Structures are given as structure tokens and as C-alpha cells.
>>> print(open('run01.json').read())   # JSON, C-alpha atoms
[["chain", "number", "residue", "atom", "x", "y", "z"],
["A", 794, "MET", "CA", 0.00, 0.00, 0.00],
["A", 795, "GLN", "CA", 2.78, 2.42, 0.91],
["A", 796, "SER", "CA", 4.46, 1.99, -2.48],
["A", 797, "LEU", "CA", 1.14, 2.74, -4.23],
["A", 798, "LEU", "CA", 0.74, 5.99, -2.29],
["A", 799, "ASP", "CA", 4.35, 7.00, -2.90],
["A", 800, "GLY", "CA", 4.79, 9.80, -5.43],
["A", 801, "HIS", "CA", 1.33, 11.34, -5.04],
["A", 802, "PRO", "CA", 1.82, 15.14, -4.97],
["A", 803, "GLU", "CA", -0.38, 15.57, -1.88],
["A", 804, "LEU", "CA", 1.43, 12.96, 0.21],
["A", 805, "LEU", "CA", 4.85, 12.76, 1.82],
["A", 806, "VAL", "CA", 5.73, 9.09, 2.10],
["A", 807, "ASP", "CA", 8.46, 7.74, 4.37],
["A", 808, "VAL", "CA", 10.49, 6.39, 1.46],
["A", 809, "ALA", "CA", 13.12, 5.00, 3.83],
["A", 810, "ASP", "CA", 10.72, 2.86, 5.89],
["A", 811, "SER", "CA", 12.41, 4.22, 9.00],
["A", 812, "SER", "CA", 10.15, 2.12, 11.26],
["A", 813, "PHE", "CA", 10.24, 4.68, 14.06],
["A", 814, "PHE", "CA", 8.01, 2.68, 16.39],
["A", 815, "ASN", "CA", 10.38, -0.29, 16.22],
["A", 816, "TYR", "CA", 12.90, 1.89, 18.04],
["A", 817, "VAL", "CA", 10.59, 3.37, 20.68],
["A", 818, "PRO", "CA", 11.71, 0.93, 23.43],
["A", 819, "GLU", "CA", 15.38, 1.79, 22.82],
["A", 820, "LEU", "CA", 14.77, 5.54, 22.51],
["A", 821, "GLU", "CA", 12.74, 5.62, 25.69],
["A", 822, "GLN", "CA", 15.71, 4.24, 27.66],
["A", 823, "LEU", "CA", 18.10, 7.03, 26.60],
["A", 824, "ARG", "CA", 18.84, 10.32, 28.28],
["A", 825, "ASP", "CA", 17.22, 13.28, 26.53],
["A", 826, "GLU", "CA", 20.58, 14.65, 25.41],
["A", 827, "ASP", "CA", 21.38, 11.35, 23.63],
["A", 828, "LYS", "CA", 18.11, 10.84, 21.75],
["A", 829, "SER", "CA", 18.84, 13.22, 18.87],
["A", 830, "ASN", "CA", 22.15, 11.53, 18.03],
["A", 831, "TYR", "CA", 20.56, 8.10, 18.34],
["A", 832, "TYR", "CA", 17.82, 9.13, 15.93],
["A", 833, "LYS", "CA", 20.35, 10.38, 13.37],
["A", 834, "ASN", "CA", 23.07, 7.77, 13.79],
["A", 835, "ILE", "CA", 20.91, 4.68, 14.21],
["A", 836, "ILE", "CA", 17.41, 5.23, 12.80],
["A", 837, "MET", "CA", 18.16, 7.61, 9.92],
["A", 838, "SER", "CA", 21.66, 6.42, 9.05],
["A", 839, "HIS", "CA", 20.49, 2.83, 8.80],
["A", 840, "ILE", "CA", 19.15, 3.77, 5.36],
["A", 841, "PHE", "CA", 20.52, 7.24, 4.66],
["A", 842, "ASN", "CA", 24.17, 6.41, 4.18],
["A", 843, "LYS", "CA", 26.14, 6.29, 0.95],
["A", 844, "GLU", "CA", 27.11, 2.63, 1.43],
["A", 845, "SER", "CA", 23.47, 1.52, 1.61],
["A", 846, "LYS", "CA", 22.39, -0.26, -1.56],
["A", 847, "TYR", "CA", 18.80, 0.79, -0.84],
["A", 848, "TYR", "CA", 19.89, 4.43, -0.67],
["A", 849, "GLN", "CA", 21.97, 4.15, -3.84],
["A", 850, "GLU", "CA", 19.15, 2.59, -5.85],
["A", 851, "LEU", "CA", 16.09, 4.45, -4.56],
["A", 852, "LEU", "CA", 16.96, 7.44, -2.39],
["A", 853, "SER", "CA", 20.03, 9.06, -3.91],
["A", 854, "HIS", "CA", 17.92, 12.10, -4.90],
["A", 855, "ILE", "CA", 17.82, 12.97, -1.19],
["A", 856, "SER", "CA", 20.89, 14.83, 0.04],
["A", 857, "ILE", "CA", 22.07, 13.22, 3.30],
["A", 858, "LYS", "CA", 23.76, 16.48, 4.30],
["A", 859, "HIS", "CA", 20.56, 18.49, 3.80],
["A", 860, "LEU", "CA", 18.46, 15.80, 5.50],
["A", 861, "MET", "CA", 20.60, 15.72, 8.64],
["A", 862, "GLY", "CA", 20.91, 19.50, 8.69],
["A", 863, "ALA", "CA", 17.15, 19.97, 8.48],
["A", 864, "PHE", "CA", 16.67, 17.43, 11.28],
["A", 865, "ASP", "CA", 19.04, 19.35, 13.56],
["A", 866, "GLU", "CA", 17.36, 22.63, 12.60],
["A", 867, "SER", "CA", 13.93, 21.31, 13.50],
["A", 868, "CYS", "CA", 15.08, 19.72, 16.77],
["A", 869, "ASN", "CA", 16.81, 22.91, 17.87],
["A", 870, "SER", "CA", 13.74, 25.04, 17.13],
["A", 871, "ARG", "CA", 11.43, 23.00, 19.37],
["A", 872, "VAL", "CA", 10.67, 23.90, 22.97],
["A", 873, "THR", "CA", 10.35, 20.25, 24.04],
["A", 874, "SER", "CA", 12.34, 17.12, 23.22],
["A", 875, "THR", "CA", 9.78, 14.32, 23.30],
["A", 876, "LEU", "CA", 9.84, 11.23, 21.09],
["A", 877, "LYS", "CA", 6.99, 12.82, 19.14],
["A", 878, "ASP", "CA", 9.17, 15.90, 18.55],
["A", 879, "TYR", "CA", 12.00, 13.80, 17.13],
["A", 880, "PHE", "CA", 9.66, 11.92, 14.83],
["A", 881, "GLU", "CA", 8.09, 15.14, 13.55],
["A", 882, "SER", "CA", 11.57, 16.62, 13.02],
["A", 883, "TYR", "CA", 12.34, 13.60, 10.87],
["A", 884, "ILE", "CA", 9.17, 14.21, 8.83],
["A", 885, "TYR", "CA", 10.20, 17.83, 8.30],
["A", 886, "ALA", "CA", 13.75, 16.80, 7.34],
["A", 887, "LEU", "CA", 12.46, 14.20, 4.88],
["A", 888, "GLY", "CA", 10.39, 16.83, 3.13],
["A", 889, "VAL", "CA", 13.31, 19.23, 2.93],
["A", 890, "GLY", "CA", 15.74, 16.55, 1.78],
["A", 891, "SER", "CA", 13.27, 15.36, -0.86],
["A", 892, "LYS", "CA", 12.84, 18.95, -2.10],
["A", 893, "ARG", "CA", 9.10, 18.66, -1.64],
["A", 894, "GLU", "CA", 6.83, 21.63, -0.94],
["A", 895, "LEU", "CA", 5.74, 20.81, 2.59],
["A", 896, "ASN", "CA", 2.71, 23.09, 2.55],
["A", 897, "LYS", "CA", 1.17, 21.03, -0.28],
["A", 898, "HIS", "CA", 1.11, 17.78, 1.69],
["A", 899, "LYS", "CA", -2.10, 16.66, 3.35],
["A", 900, "TYR", "CA", -0.55, 13.65, 5.07],
["A", 901, "PHE", "CA", 2.72, 12.05, 5.98],
["A", 902, "ILE", "CA", 2.52, 8.32, 5.20],
["A", 903, "ASP", "CA", 4.28, 5.93, 7.54],
["A", 904, "LYS", "CA", 4.26, 2.14, 7.34],
["A", 905, "THR", "CA", 3.87, 1.56, 11.04],
["A", 906, "LEU", "CA", 5.18, -1.73, 12.35],
["A", 907, "LYS", "CA", 5.23, -2.90, 15.96],
["A", 908, "ASN", "CA", 1.54, -2.05, 16.34],
["A", 909, "GLU", "CA", 1.56, -3.36, 19.87],
["A", 910, "TYR", "CA", 3.79, -0.39, 20.79],
["A", 911, "SER", "CA", 1.97, 2.25, 18.75],
["A", 912, "ARG", "CA", -1.78, 1.71, 18.94],
["A", 913, "PHE", "CA", -2.19, 3.61, 22.22],
["A", 914, "ILE", "CA", 0.40, 6.24, 21.32],
["A", 915, "ILE", "CA", -0.69, 7.32, 17.82],
["A", 916, "PRO", "CA", -4.24, 8.55, 18.64],
["A", 917, "GLN", "CA", -2.84, 10.45, 21.63],
["A", 918, "TRP", "CA", -0.14, 12.18, 19.59],
["A", 919, "TRP", "CA", -2.21, 12.83, 16.47],
["A", 920, "PRO", "CA", -5.97, 12.85, 17.22],
["A", 921, "ASN", "CA", -6.81, 13.47, 13.54],
["A", 922, "VAL", "CA", -4.72, 10.54, 12.30],
["A", 923, "LYS", "CA", -6.04, 8.30, 9.52],
["A", 924, "ILE", "CA", -5.29, 4.58, 9.67],
["A", 925, "ILE", "CA", -5.30, 2.27, 6.65],
["A", 926, "TYR", "CA", -5.10, -1.39, 7.60],
["A", 927, "LEU", "CA", -4.23, -3.87, 4.85],
["A", 928, "PHE", "CA", -4.97, -7.52, 5.63],
["A", 929, "ARG", "CA", -3.91, -10.55, 3.64],
["A", 930, "ASP", "CA", -5.18, -14.10, 3.98],
["A", 931, "PRO", "CA", -3.02, -15.58, 6.78],
["A", 932, "ARG", "CA", -2.65, -18.80, 4.82],
["A", 933, "ASP", "CA", -1.00, -16.87, 2.00],
["A", 934, "VAL", "CA", 1.06, -14.88, 4.51],
["A", 935, "TYR", "CA", 2.34, -18.13, 5.96],
["A", 936, "SER", "CA", 3.05, -19.40, 2.44],
["A", 937, "SER", "CA", 5.36, -16.41, 1.92],
["A", 938, "TYR", "CA", 7.07, -17.02, 5.27],
["A", 939, "LYS", "CA", 7.59, -20.69, 4.44],
["A", 940, "THR", "CA", 8.90, -19.98, 0.92],
["A", 941, "ARG", "CA", 11.28, -17.27, 2.11],
["A", 942, "ASP", "CA", 12.58, -19.43, 4.97],
["A", 943, "LYS", "CA", 13.33, -22.30, 2.60],
["A", 944, "MET", "CA", 15.06, -20.05, 0.08],
["A", 945, "ASN", "CA", 17.29, -18.64, 2.81],
["A", 946, "ASN", "CA", 17.97, -22.03, 4.42],
["A", 947, "ARG", "CA", 16.33, -20.92, 7.66],
["A", 948, "LYS", "CA", 14.26, -22.85, 10.14],
["A", 949, "ILE", "CA", 10.64, -22.75, 8.98],
["A", 950, "THR", "CA", 8.53, -20.26, 10.94],
["A", 951, "LYS", "CA", 6.11, -21.99, 13.29],
["A", 952, "VAL", "CA", 2.43, -21.78, 12.41],
["A", 953, "ASP", "CA", 1.55, -20.64, 15.93],
["A", 954, "ALA", "CA", 4.00, -17.72, 15.61],
["A", 955, "LEU", "CA", 2.31, -16.55, 12.40],
["A", 956, "ALA", "CA", -1.12, -16.97, 13.99],
["A", 957, "PHE", "CA", -0.06, -14.84, 16.95],
["A", 958, "THR", "CA", 1.16, -11.89, 14.85],
["A", 959, "TRP", "CA", -1.86, -12.01, 12.53],
["A", 960, "GLU", "CA", -4.29, -12.17, 15.46],
["A", 961, "LYS", "CA", -2.47, -9.23, 17.06],
["A", 962, "SER", "CA", -2.91, -7.25, 13.84],
["A", 963, "VAL", "CA", -6.66, -7.91, 13.82],
["A", 964, "GLU", "CA", -6.85, -6.93, 17.48],
["A", 965, "THR", "CA", -5.05, -3.65, 16.73],
["A", 966, "ALA", "CA", -7.24, -2.85, 13.72],
["A", 967, "LEU", "CA", -10.37, -3.39, 15.81],
["A", 968, "TYR", "CA", -8.91, -1.16, 18.51],
["A", 969, "TYR", "CA", -8.46, 1.64, 15.97],
["A", 970, "GLU", "CA", -11.95, 1.09, 14.60],
["A", 971, "ASN", "CA", -13.43, 1.49, 18.06],
["A", 972, "LYS", "CA", -11.11, 4.30, 19.19],
["A", 973, "LEU", "CA", -11.40, 6.50, 16.09],
["A", 974, "ASN", "CA", -14.45, 7.63, 14.16],
["A", 975, "GLU", "CA", -15.44, 5.96, 10.90],
["A", 976, "SER", "CA", -13.75, 8.62, 8.77],
["A", 977, "GLN", "CA", -10.38, 7.80, 10.36],
["A", 978, "CYS", "CA", -10.02, 4.06, 9.89],
["A", 979, "LEU", "CA", -10.14, 2.05, 6.67],
["A", 980, "ILE", "CA", -9.65, -1.72, 6.48],
["A", 981, "ILE", "CA", -8.72, -3.21, 3.10],
["A", 982, "LYS", "CA", -8.17, -6.82, 2.09],
["A", 983, "TYR", "CA", -5.14, -7.53, -0.06],
["A", 984, "GLU", "CA", -7.24, -9.85, -2.21],
["A", 985, "ASP", "CA", -9.60, -6.97, -3.09],
["A", 986, "LEU", "CA", -6.65, -4.75, -3.90],
["A", 987, "VAL", "CA", -5.11, -7.17, -6.40],
["A", 988, "SER", "CA", -8.50, -7.98, -7.97],
["A", 989, "GLU", "CA", -9.90, -4.45, -8.24],
["A", 990, "LYS", "CA", -6.91, -2.16, -7.84],
["A", 991, "LYS", "CA", -8.47, 0.93, -9.41],
["A", 992, "LYS", "CA", -11.66, 0.63, -7.36],
["A", 993, "VAL", "CA", -9.77, 0.14, -4.11],
["A", 994, "MET", "CA", -7.32, 2.98, -4.76],
["A", 995, "ASN", "CA", -10.23, 5.29, -5.61],
["A", 996, "LYS", "CA", -11.63, 4.37, -2.21],
["A", 997, "VAL", "CA", -8.28, 5.13, -0.56],
["A", 998, "ALA", "CA", -8.04, 8.51, -2.34],
["A", 999, "SER", "CA", -11.54, 9.39, -1.16],
["A", 1000, "PHE", "CA", -10.71, 8.28, 2.38],
["A", 1001, "LEU", "CA", -7.63, 10.53, 2.45],
["A", 1002, "GLY", "CA", -9.36, 13.41, 0.68],
["A", 1003, "ILE", "CA", -6.76, 13.55, -2.08],
["A", 1004, "SER", "CA", -7.19, 13.74, -5.84],
["A", 1005, "TYR", "CA", -7.22, 10.47, -7.75],
["A", 1006, "ASP", "CA", -3.99, 10.10, -9.74],
["A", 1007, "LYS", "CA", -2.85, 7.25, -11.99],
["A", 1008, "ILE", "CA", 0.37, 7.06, -9.96],
["A", 1009, "LEU", "CA", -1.75, 5.34, -7.31],
["A", 1010, "LEU", "CA", -1.90, 2.27, -9.56],
["A", 1011, "GLU", "CA", 1.85, 1.71, -9.92],
["A", 1012, "PRO", "CA", 4.17, 0.79, -7.03],
["A", 1013, "THR", "CA", 7.05, 3.27, -6.72],
["A", 1014, "LYS", "CA", 9.76, 4.37, -4.31],
["A", 1015, "GLY", "CA", 11.72, 7.58, -3.93],
["A", 1016, "ASN", "CA", 8.71, 9.91, -4.16],
["A", 1017, "GLY", "CA", 7.62, 8.39, -7.44],
["A", 1018, "THR", "CA", 11.08, 8.53, -9.04],
["A", 1019, "LYS", "CA", 11.71, 4.76, -9.18],
["A", 1020, "LYS", "CA", 9.53, 1.76, -9.98],
["A", 1021, "TRP", "CA", 9.25, -0.57, -7.01],
["A", 1022, "MET", "CA", 9.66, -4.24, -7.81],
["A", 1023, "GLY", "CA", 8.73, -5.42, -4.34],
["A", 1024, "ASN", "CA", 10.25, -8.07, -2.06],
["A", 1025, "PRO", "CA", 8.42, -11.23, -3.18],
["A", 1026, "ALA", "CA", 9.14, -14.42, -1.29],
["A", 1027, "SER", "CA", 9.87, -16.14, -4.61],
["A", 1028, "GLY", "CA", 12.68, -13.67, -5.34],
["A", 1029, "ILE", "CA", 11.12, -12.81, -8.71],
["A", 1030, "LYS", "CA", 10.76, -9.03, -8.93],
["A", 1031, "LYS", "CA", 7.50, -7.55, -10.27],
["A", 1032, "ASN", "CA", 6.56, -4.00, -11.23],
["A", 1033, "HIS", "CA", 2.84, -4.55, -10.70],
["A", 1034, "VAL", "CA", 0.34, -5.94, -8.22],
["A", 1035, "ASP", "CA", 0.08, -9.62, -9.17],
["A", 1036, "THR", "CA", -3.35, -11.28, -9.02],
["A", 1037, "ARG", "CA", -1.64, -14.69, -8.90],
["A", 1038, "GLU", "CA", -0.56, -13.95, -5.33],
["A", 1039, "LYS", "CA", -4.07, -14.90, -4.14],
["A", 1040, "ASN", "CA", -4.72, -18.39, -2.80],
["A", 1041, "LYS", "CA", -1.21, -19.60, -3.54],
["A", 1042, "TYR", "CA", -1.27, -21.40, -0.18],
["A", 1043, "ARG", "CA", -3.16, -24.26, -1.83],
["A", 1044, "THR", "CA", -0.01, -25.32, -3.69],
["A", 1045, "ILE", "CA", 2.49, -24.52, -0.93],
["A", 1046, "LEU", "CA", 1.00, -25.49, 2.44],
["A", 1047, "THR", "CA", 0.21, -28.92, 3.76],
["A", 1048, "ASN", "CA", -3.32, -29.78, 4.86],
["A", 1049, "LYS", "CA", -2.06, -29.85, 8.45],
["A", 1050, "GLU", "CA", -0.66, -26.30, 8.17],
["A", 1051, "ILE", "CA", -3.89, -25.00, 6.62],
["A", 1052, "ASN", "CA", -5.92, -26.76, 9.29],
["A", 1053, "GLU", "CA", -3.87, -25.32, 12.15],
["A", 1054, "ILE", "CA", -4.04, -21.74, 10.81],
["A", 1055, "GLU", "CA", -7.81, -21.98, 10.39],
["A", 1056, "HIS", "CA", -8.34, -23.42, 13.84],
["A", 1057, "LEU", "CA", -6.15, -20.86, 15.58],
["A", 1058, "LEU", "CA", -7.58, -17.91, 13.62],
["A", 1059, "SER", "CA", -11.12, -19.04, 12.87],
["A", 1060, "HIS", "CA", -12.82, -16.11, 14.61],
["A", 1061, "GLN", "CA", -10.53, -13.46, 13.09],
["A", 1062, "MET", "CA", -10.65, -14.94, 9.58],
["A", 1063, "GLN", "CA", -14.44, -15.18, 9.60],
["A", 1064, "SER", "CA", -14.75, -11.59, 10.86],
["A", 1065, "LEU", "CA", -12.89, -10.53, 7.68],
["A", 1066, "ASN", "CA", -14.98, -12.87, 5.50],
["A", 1067, "TYR", "CA", -12.23, -15.28, 4.54],
["A", 1068, "ILE", "CA", -13.64, -18.57, 3.28],
["A", 1069, "MET", "CA", -12.45, -21.49, 5.38],
["A", 1070, "GLU", "CA", -11.35, -24.81, 3.93],
["A", 1071, "ASN", "CA", -12.51, -26.50, 7.13],
["A", 1072, "LYS", "CA", -16.14, -25.83, 7.92],
["A", 1073, "ASN", "CA", -15.98, -27.06, 11.51],
["A", 1074, "THR", "CA", -13.16, -25.48, 13.48],
["A", 1075, "ASN", "CA", -12.87, -26.43, 17.12],
["A", 1076, "TYR", "CA", -11.43, -24.21, 19.84],
["A", 1077, "TYR", "CA", -10.02, -27.21, 21.67],
["A", 1078, "PHE", "CA", -7.80, -28.27, 18.76],
["A", 1079, "TYR", "CA", -4.08, -27.41, 18.92],
["A", 1080, "PRO", "CA", -3.97, -26.77, 22.68],
["A", 1081, "ILE", "CA", -0.15, -26.47, 22.77],
["A", 1082, "SER", "CA", -0.17, -23.76, 20.08],
["A", 1083, "ARG", "CA", -2.96, -21.91, 21.89],
["A", 1084, "PHE", "CA", -1.07, -22.09, 25.18],
["A", 1085, "LYS", "CA", 2.12, -20.76, 23.55],
["A", 1086, "ASN", "CA", 0.19, -17.84, 22.11],
["A", 1087, "LYS", "CA", -1.40, -17.06, 25.45],
["A", 1088, "ILE", "CA", 2.11, -16.76, 26.87],
["A", 1089, "ARG", "CA", 3.11, -14.52, 23.95],
["A", 1090, "HIS", "CA", 0.08, -12.30, 24.54],
["A", 1091, "PHE", "CA", 0.88, -12.01, 28.23],
["A", 1092, "LYS", "CA", 4.51, -11.01, 27.57],
["A", 1093, "ILE", "CA", 3.62, -8.52, 24.85],
["A", 1094, "ASN", "CA", 0.87, -6.93, 26.94],
["A", 1095, "GLN", "CA", 3.21, -6.56, 29.92],
["A", 1096, "TYR", "CA", 5.92, -5.01, 27.77],
["A", 1097, "GLU", "CA", 3.40, -2.81, 25.98],
["A", 1098, "SER", "CA", 2.08, -1.48, 29.27],
["A", 1099, "ARG", "CA", 5.57, -0.53, 30.44],
["A", 1100, "ILE", "CA", 6.33, 1.29, 27.17],
["A", 1101, "ILE", "CA", 3.02, 3.17, 27.13],
["A", 1102, "THR", "CA", 3.39, 4.25, 30.76],
["A", 1103, "LYS", "CA", 6.83, 5.71, 30.08],
["A", 1104, "VAL", "CA", 6.08, 7.33, 26.71],
["A", 1105, "LEU", "CA", 2.70, 8.97, 27.36]]
>>> encode(input="run01.json", output="C-alpha cells")
Amino acid sequence: MQSLLDGHPELLVDVADSSFFNYVPELEQLRDEDKSNYYKNIIMSHIFNKESKYYQELLSHISIKHLMGAFDESCNSRVTSTLKDYFESYIYALGVGSKRELNKHKYFIDKTLKNEYSRFIIPQWWPNVKIIYLFRDPRDVYSSYKTRDKMNNRKITKVDALAFTWEKSVETALYYENKLNESQCLIIKYEDLVSEKKKVMNKVASFLGISYDKILLEPTKGNGTKKWMGNPASGIKKNHVDTREKNKYRTILTNKEINEIEHLLSHQMQSLNYIMENKNTNYYFYPISRFKNKIRHFKINQYESRIITKVL
């Protein structure tokens, strides 16, 4: 979704995927006087450095010197030095470094990961935020995990681990739906996007209150300067949204894997109108996987509570 929004003249997209909320736990532990350098030297320099292949291929139009200078300028002009201030200084610096006219942007687009750390923070920091949640069939998600793990000679991701993260995503989306008003939260299914891309992107444009532009149909990076070929699990790059990515689990997963995913996520999948292969799922199936995920939920919720208490 982020790559489809990239390049639209009314949007400033985080082309570097800085993943700010991934770093919130580390940032929160630092002294105030160290946070600015950490943000520049760890978060920003992870991508914005001349040795980075990603920077060389997609972001070289952004001057690192101007980016870092604008970040310092913004930080120094602020009365406070909160994590929100540093993030907004980064947004300002990205606009300056990209040579974009900041006053023409309606929204800054961020692909927010680590939702368990951000769902309580974002509405507090930006009450008028708009959330777009893109869901994909968890069976196809697991197919990508499995394919990528095999290609990289890694241990295959456990089904229960995938089920936990997907369930957590649904939980977060429902939280946003209940917390925000209906004009602030939009849930989209990946399968609808690949089948009816123009219709879905028209809906997204309307949701954001931006003009419809054909650039919304082609994945790009670098503020629309480069075609984005994606990171497919197969390793085969594509410059379009591929309809063949739907239901590929049927040729990749075993019946046991499909069965376990559907049993562990039956409620969440049905709430998003995914058609189940197994018509009769039973809560008492896969007790070990369910127990492991209860432990994961407990640990995440405890950690989340500590982070929220310290940040807000």
C-alpha cells in the first residue's frame, strides 16, 4: 500500500521505511541529550548512508547532508524534546531533503510496524490521524514465510508464531476502529486490492481526501522517481500488483498447516470474511499452540504497558 501511495503530490511518504516505532523501546531508555544523536546515527543512518544499496538505488535524490541539517534545525527550534518531537523533526527533514513543498502535503505516510507499541500512542499524539489497515489471507502470509525461509535455508517459521502476529494485527485494527471515528479508519483486504486495484485505490483517495492520480496504480519508491519491484518471497521481482498472489497457499502449504491456521484464527478470519477450507473449526484443537500464544500475549501486553506508561 505504501508503495502505491508513494509519489502522489499531496502525500509525503516515508520512502526509507524508518520504522520509528520499532525503536521506541530503545529511545525511551536514553537520556534526553542522547536521543537526537541516536535518531540520526541509528534510525536515519540505517538507510541514509552512501554505502546503503537501498539508498543508492532508490533514495540518492535525497541529500544526506541536507536531510541531517534539516533534522538538527527542527530539533533545535522546538521547545520540548519528546519522542513525538523527534519523529516530527524527521518528517520535516524528509520533506526538505526530498525537495518537496511541505505546505502542499495533506498527510505524511508511515508504514507503522510494531503495532503493539503504537496503537495507544498514535491517537494520543495525532488525534486526527487516519489509519489504513491492509490484511492478507493468513494462509498466503504463511506461504510467503515458508517460501522465504526455505530459500534462505532458515528454520521454517512456526504456524503458531504466524497466527499470533496475525491475530495481534486484527486486534489492533479493531482497537483503531473502536477508538477512532469511521472517517479515520479504513480496512482493506489484499485480495480486493489485487483484484480491483483501481476501485480500491479510488476508495483510498476518497478516504484521504486527495485527488485520484494514476500514480496510485503503480508501485514506486523515492517519491515516485523509481519503480518498485517489491520483495516477493519467490525472489522474482515484479513491477505490478500480481493477481496470482491470491490463494497460492493451496499449492504450498500442507493440509495440516492450513488446518492449524484456520483453527487458531477461525474467529478473526471469519470476521474478515475469509472462506475457510474446514467448515468445523474447534477451539479445543491445537492446545499447545494456543497455550504458547497465550504466553506470547501475556509477555507482549506486559511489555506494551511498560512502554506506554513511560512514553505517554
>>> axis_aligned_box(input="run01.json", around="stretch 966-973 of chain A", padding_each_side="8 Å", output="lines of an AutoDock Vina configuration file")
center_x = -10.3
center_y = 1.6
center_z = 16.5
size_x = 22.2
size_y = 25.9
size_z = 21.5
>>> residues_around(input="run01.json", residues="stretch 950-962 of chain A", least_positions_apart="3", cutoff="10 Å", atoms="only C-alpha atoms", output="NGL selection string")
:A and (906-909 or 926-932 or 934-935 or 938-939 or 941-943 or 947 or 965-968 or 1050-1051 or 1053-1058 or 1060-1062 or 1079 or 1081-1087 or 1089-1090 or 1093)
>>> residues_around(input="run01.json", residues="A:Glu975", least_positions_apart="3", cutoff="12 Å", atoms="all atoms listed in the file", output="list in words")
Asn921, Val922, Lys923, Ile924, Ile925, Leu967, Tyr969, Glu970, Asn971, Lys972, Cys978, Leu979, Ile980 and Phe1000 of chain A
>>> residues_around(input="run01.json", residues="stretch 853-868 of chain A", least_positions_apart="2", cutoff="7 Å", atoms="only C-alpha atoms", output="number ranges by chain")
A: 841, 848-851, 870-871, 879, 882-883, 886-887, 889-891
>>> atom_distance(input="run01.json", atom1="atom CA of A:Glu1011", atom2="atom CA of A:Glu803")
16.2 Å
>>> residues_around(input="run01.json", residues="A:Leu797", least_positions_apart="3", cutoff="8 Å", atoms="only C-alpha atoms", output="list in words")
Met794, Ile1008, Leu1009, Leu1010, Glu1011, Pro1012 and Thr1013 of chain A
>>> residues_around(input="run01.json", residues="stretch 900-903 of chain A", least_positions_apart="2", cutoff="8 Å", atoms="all atoms listed in the file", output="ChimeraX atom specification")
/A:795,803-807,810,812,884,898,905
>>> closest_residue(input="run01.json", among="A:Ile914, A:Val808, A:Leu1065, A:Ile1003", to="A:Lys982", atoms="all atoms listed in the file")
A:Leu1065
>>> atom_distance(input="run01.json", atom1="atom CA of A:Phe813", atom2="atom CA of A:Ile836")
7.3 Å
